[in-house]
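What follows is one structure encoded as structure tokens, with my remarks underneath.
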Amino acid sequence: MHKVILIVDDESDLLDVIEEALRFSGYPVLRAKDGQQAWELLATKSPGIILSDYQMPRMNGDQLFDLVRRSEKDATTPFIFMSSTPEQIKSTGTYSVLRKPFQFDTLMSRVNAL
Amino acid sequence: MKLSTFIISNMAGILTEWDRFARSLEPNGSLSNKEIRDHAEQILRAIALDIDTEQSDKQQFEKSQGLAAMPSISSGASIHGTARQSDGFSLLQLTAEFRALRATVQRLWFAQGNQVTAEHSVDLIRFNEAIDQALAESVVTYAAQATRAKDTFLAILGHDLRSPLATIAMSGSLLSQPGITLDAVALVAPRIKRSASVMNSMVNDLLEYARAELGGEMPMSFSDCEMEEICQAAVADASAVHPDCAIVFETSASASGCFDHVRLQQVFTNLLNNAAQYRGDKRPVTMKLSANEREATISIQNSGALIPKESIDAIFDPMVQLAIAPDQTERASTSLGLGLYIAKKITAAHTGSISVESSDPIGTVFTVVIPRNR
């Protein structure tokens, strides 16, 4: 049984393509266009993996990660940042990073390993 | 009269000379009188105070070696350096302002019949030291501001150019998977096309910017063409990038003329992309073309959040990104802050003009006026 993956990105085209790739590989997907929408979604949903962009309007990946890690429900959910500039990530805690741009095989090997 | 007293009591005359010289250097011709004068009075008062302040030999030596303690970044000279960098002044022009200030004060002082006595010669030395110190403070903040602008630009470039690239890379590798469905192909293909279009627009902007910064002239290719066709091509380009945005094109006259149609299409596509990006309330973007015998006028209007008044003056400077409304959920994904800068260069190459108004209830309107004949 595949884990549900929450994908968060303000680039709607990339969000669409990642969703298509994950569904193609059998993963159920939840999607949000920024950290704020993701956080609102997490009030009622419990994904098995969170795959999030870093730079987003309203609430960036950094803020979303902090909220997730301080929450009771999702504190240990695997969190992957997708970023073209991972050196800018300031978050402290357990997460991994997928540097943009990335390929289908890279994405799948990362989520399959979790 | 002591030089410090002269500076304070002749402040108005010195500042008038400053205004005249700074105006002659101004790159964009858009600074207000207040911006031209900037912190000149504050700098002059600090210089007058410095002349009158006791100084030990050690302090004088340190100042001459550039080792004097820099004042806080809120000094007039420090703020001046930052402001001039933002206004597009070059480092040479910043230096020239201080050279002119030095010459002006001394010329006006001698013109009042002041002679160089032993006391006055000390004043003059202290004056020159103070000017050098103010210049050093301005140069430090000018350089820091230039570095900040460069870092910001590179960060935006790194992020914004890689975003559509990420879509293309992911799409290409997904499409090469065995068993991929036709539905998936139909979903992915237009996203590849759109991302390539966004990247192409960014690369074009970057090339124009690099060419302008390297001092090269923008190559132009004028030919007889119809402005309506150029506008419609730009609408098609922008619609490909913003398929969810309705772009209404209205024309009231034929406007054939001698234009560089590729460059003008770049201008209008940039303006339409901006208008679609910042429309906020999802209302349509309107493009209007009108013409008389001499010129064609193209306006592009959206009804999104207004551009703050303080941002309007700098909006055609390079590396300026429009402020995003707090409720806006879309980030500017097609702008490196170069589009309007390049639009101004291209309209200028047509001996035309570009302007912007942003006010209720009309919204934001960019107006481009292009002469029909060269």
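Residue numbers start at 1 in each chain; chains themselves are named A, B, ... in the order of the structure tokens; ligands are numbered from 1 in the order shown.
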Provide as a short mmCIF file (atom, residue, chain, number, x, y, z; two decimals) with C-alpha atoms, in the first residue's frame the residues of chain B at most 7 Å from chain A, counting only C-alpha atoms.
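Just written: result_32.cif:
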```cif
data_model
loop_
_atom_site.label_atom_id
_atom_site.label_comp_id
_atom_site.auth_asym_id
_atom_site.auth_seq_id
_atom_site.Cartn_x
_atom_site.Cartn_y
_atom_site.Cartn_z
CA GLY B 158 18.61 30.76 -9.96
CA HIS B 159 15.10 30.18 -8.74
CA ARG B 162 15.10 26.59 -12.77
CA LEU B 165 13.32 23.89 -16.21
CA ALA B 166 12.17 21.61 -13.38
CA THR B 167 8.82 21.17 -15.11
CA ALA B 169 13.03 17.91 -16.80
CA MET B 170 10.33 16.10 -14.85
CA SER B 171 8.01 15.96 -17.86
CA SER B 173 11.67 11.81 -17.86
CA LEU B 174 8.01 10.97 -17.11
CA ALA B 184 -0.61 11.72 -19.34
CA VAL B 188 2.26 17.06 -19.78
CA ARG B 191 3.16 22.31 -19.71
CA THR B 329 -1.30 33.56 -4.29
CA GLU B 330 0.62 33.54 -7.54
CA ARG B 331 4.27 34.50 -7.49
#
```
Residues near B:Glu250, cut-off 12 Å, only C-alpha atoms, skip fewer than 6 positions along chain, as a tab-separated table (two decimals) with N, CA and C atoms, in the first residue's frame:
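Saved to out30.tsv:
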```tsv
chain	number	residue	atom	x	y	z
B	228	GLU	N	-1.16	46.23	-35.42
B	228	GLU	CA	-2.20	45.31	-34.94
B	228	GLU	C	-1.68	43.87	-34.91
B	231	CYS	N	0.58	43.37	-31.97
B	231	CYS	CA	-0.19	43.25	-30.72
B	231	CYS	C	-0.82	41.86	-30.60
B	232	GLN	N	-1.37	41.39	-31.71
B	232	GLN	CA	-2.03	40.08	-31.65
B	232	GLN	C	-1.04	38.95	-31.39
B	235	VAL	N	-0.39	39.04	-27.72
B	235	VAL	CA	-1.54	38.47	-26.99
B	235	VAL	C	-1.45	36.94	-27.03
B	285	VAL	N	-7.46	41.22	-18.73
B	285	VAL	CA	-6.46	42.24	-19.08
B	285	VAL	C	-6.89	42.84	-20.41
B	286	THR	N	-6.82	44.15	-20.53
B	286	THR	CA	-7.25	44.80	-21.77
B	286	THR	C	-6.07	45.46	-22.47
B	287	MET	N	-5.97	45.18	-23.77
B	287	MET	CA	-4.94	45.84	-24.59
B	287	MET	C	-5.67	46.66	-25.65
B	288	LYS	N	-5.32	47.96	-25.74
B	288	LYS	CA	-5.98	48.83	-26.71
B	288	LYS	C	-4.95	49.45	-27.63
B	289	LEU	N	-5.31	49.46	-28.91
B	289	LEU	CA	-4.43	50.10	-29.90
B	289	LEU	C	-5.21	51.24	-30.56
B	290	SER	N	-4.62	52.43	-30.56
B	290	SER	CA	-5.19	53.55	-31.30
B	290	SER	C	-4.05	54.22	-32.05
B	297	THR	N	-0.55	54.37	-30.34
B	297	THR	CA	-0.57	54.31	-28.88
B	297	THR	C	-1.16	52.97	-28.46
B	298	ILE	N	-0.40	52.28	-27.62
B	298	ILE	CA	-0.83	50.96	-27.14
B	298	ILE	C	-0.92	51.03	-25.62
B	299	SER	N	-2.08	50.69	-25.08
B	299	SER	CA	-2.20	50.68	-23.62
B	299	SER	C	-2.58	49.28	-23.15
B	300	ILE	N	-2.03	48.91	-22.01
B	300	ILE	CA	-2.32	47.60	-21.43
B	300	ILE	C	-2.75	47.82	-19.99
B	301	GLN	N	-3.96	47.35	-19.69
B	301	GLN	CA	-4.57	47.70	-18.41
B	301	GLN	C	-4.99	46.45	-17.65
```
Between A:Ile89, A:Tyr27, A:Val111, A:Val4, which residue has the minimum interatomic distance to A:Asp53, considering only C-alpha atoms? A:Ile89
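Pairwise distance (atom CA of B:Val369, atom CA of B:Ser303) equals 21.3 Å.
Residues of chain A carrying a DSSP assignment of strand (DSSP E), computed from the backbone, are Ile5, Leu6, Ile7, Val8, Val29, Leu30, Arg31, Ala32, Ile49, Ile50, Leu51, Ser52, Asp53, Phe79, Ile80, Phe81, Met82, Ser83, Ser96, Val97, Leu98 and Arg99 of chain A.
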Neighbours of A:Ala38 within 12 Å (only C-alpha atoms; same-chain residues fewer than 3 positions away dropped), as a VMD selection string? chain A and resid 5 to 10 30 to 35 41 to 47 50 to 53 56 58 to 61 63 to 65 67 to 68
Emit the selected residues as an mmCIF file, in the first residue's frame, including C-alpha atoms.
```cif
data_model
loop_
_atom_site.group_PDB
_atom_site.id
_atom_site.type_symbol
_atom_site.label_atom_id
_atom_site.label_comp_id
_atom_site.auth_asym_id
_atom_site.auth_seq_id
_atom_site.Cartn_x
_atom_site.Cartn_y
_atom_site.Cartn_z
ATOM 1 C CA ILE A 5 1.993 12.133 -0.602
ATOM 2 C CA LEU A 6 1.209 15.809 -0.035
ATOM 3 C CA ILE A 7 2.868 17.936 -2.740
ATOM 4 C CA VAL A 8 3.180 21.686 -2.227
ATOM 5 C CA ASP A 9 4.382 24.114 -4.903
ATOM 6 C CA ASP A 10 3.289 27.503 -6.220
ATOM 7 C CA LEU A 30 -2.858 15.553 -2.046
ATOM 8 C CA ARG A 31 -1.860 18.942 -3.430
ATOM 9 C CA ALA A 32 -1.528 22.507 -2.197
ATOM 10 C CA LYS A 33 -0.313 25.633 -3.977
ATOM 11 C CA ASP A 34 1.491 27.155 -0.995
ATOM 12 C CA GLY A 35 2.393 26.505 2.630
ATOM 13 C CA LEU A 41 -5.202 20.739 4.460
ATOM 14 C CA LEU A 42 -3.157 19.071 7.203
ATOM 15 C CA ALA A 43 -5.898 19.971 9.697
ATOM 16 C CA THR A 44 -7.985 17.168 8.237
ATOM 17 C CA LYS A 45 -5.541 14.984 6.294
ATOM 18 C CA SER A 46 -2.560 12.905 7.359
ATOM 19 C CA PRO A 47 -0.197 12.260 4.451
ATOM 20 C CA ILE A 50 5.288 15.798 2.550
ATOM 21 C CA LEU A 51 7.056 17.024 -0.581
ATOM 22 C CA SER A 52 7.281 20.816 -0.495
ATOM 23 C CA ASP A 53 8.763 23.707 -2.440
ATOM 24 C CA MET A 56 6.340 30.251 -1.896
ATOM 25 C CA ARG A 58 1.855 33.539 1.820
ATOM 26 C CA MET A 59 3.669 30.769 3.719
ATOM 27 C CA ASN A 60 7.033 29.429 2.565
ATOM 28 C CA GLY A 61 8.401 25.918 3.025
ATOM 29 C CA GLN A 63 7.335 28.097 7.953
ATOM 30 C CA LEU A 64 5.342 25.055 6.892
ATOM 31 C CA PHE A 65 8.139 22.738 8.080
ATOM 32 C CA LEU A 67 4.490 24.156 11.930
ATOM 33 C CA VAL A 68 4.516 20.501 10.870
#
```
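Atom CA of B:Arg283 sits 18.2 Å away from atom CA of B:Asn270.
A straight line drawn from atom CA of B:Arg126 to atom CA of B:Arg84 is 25.4 Å long.
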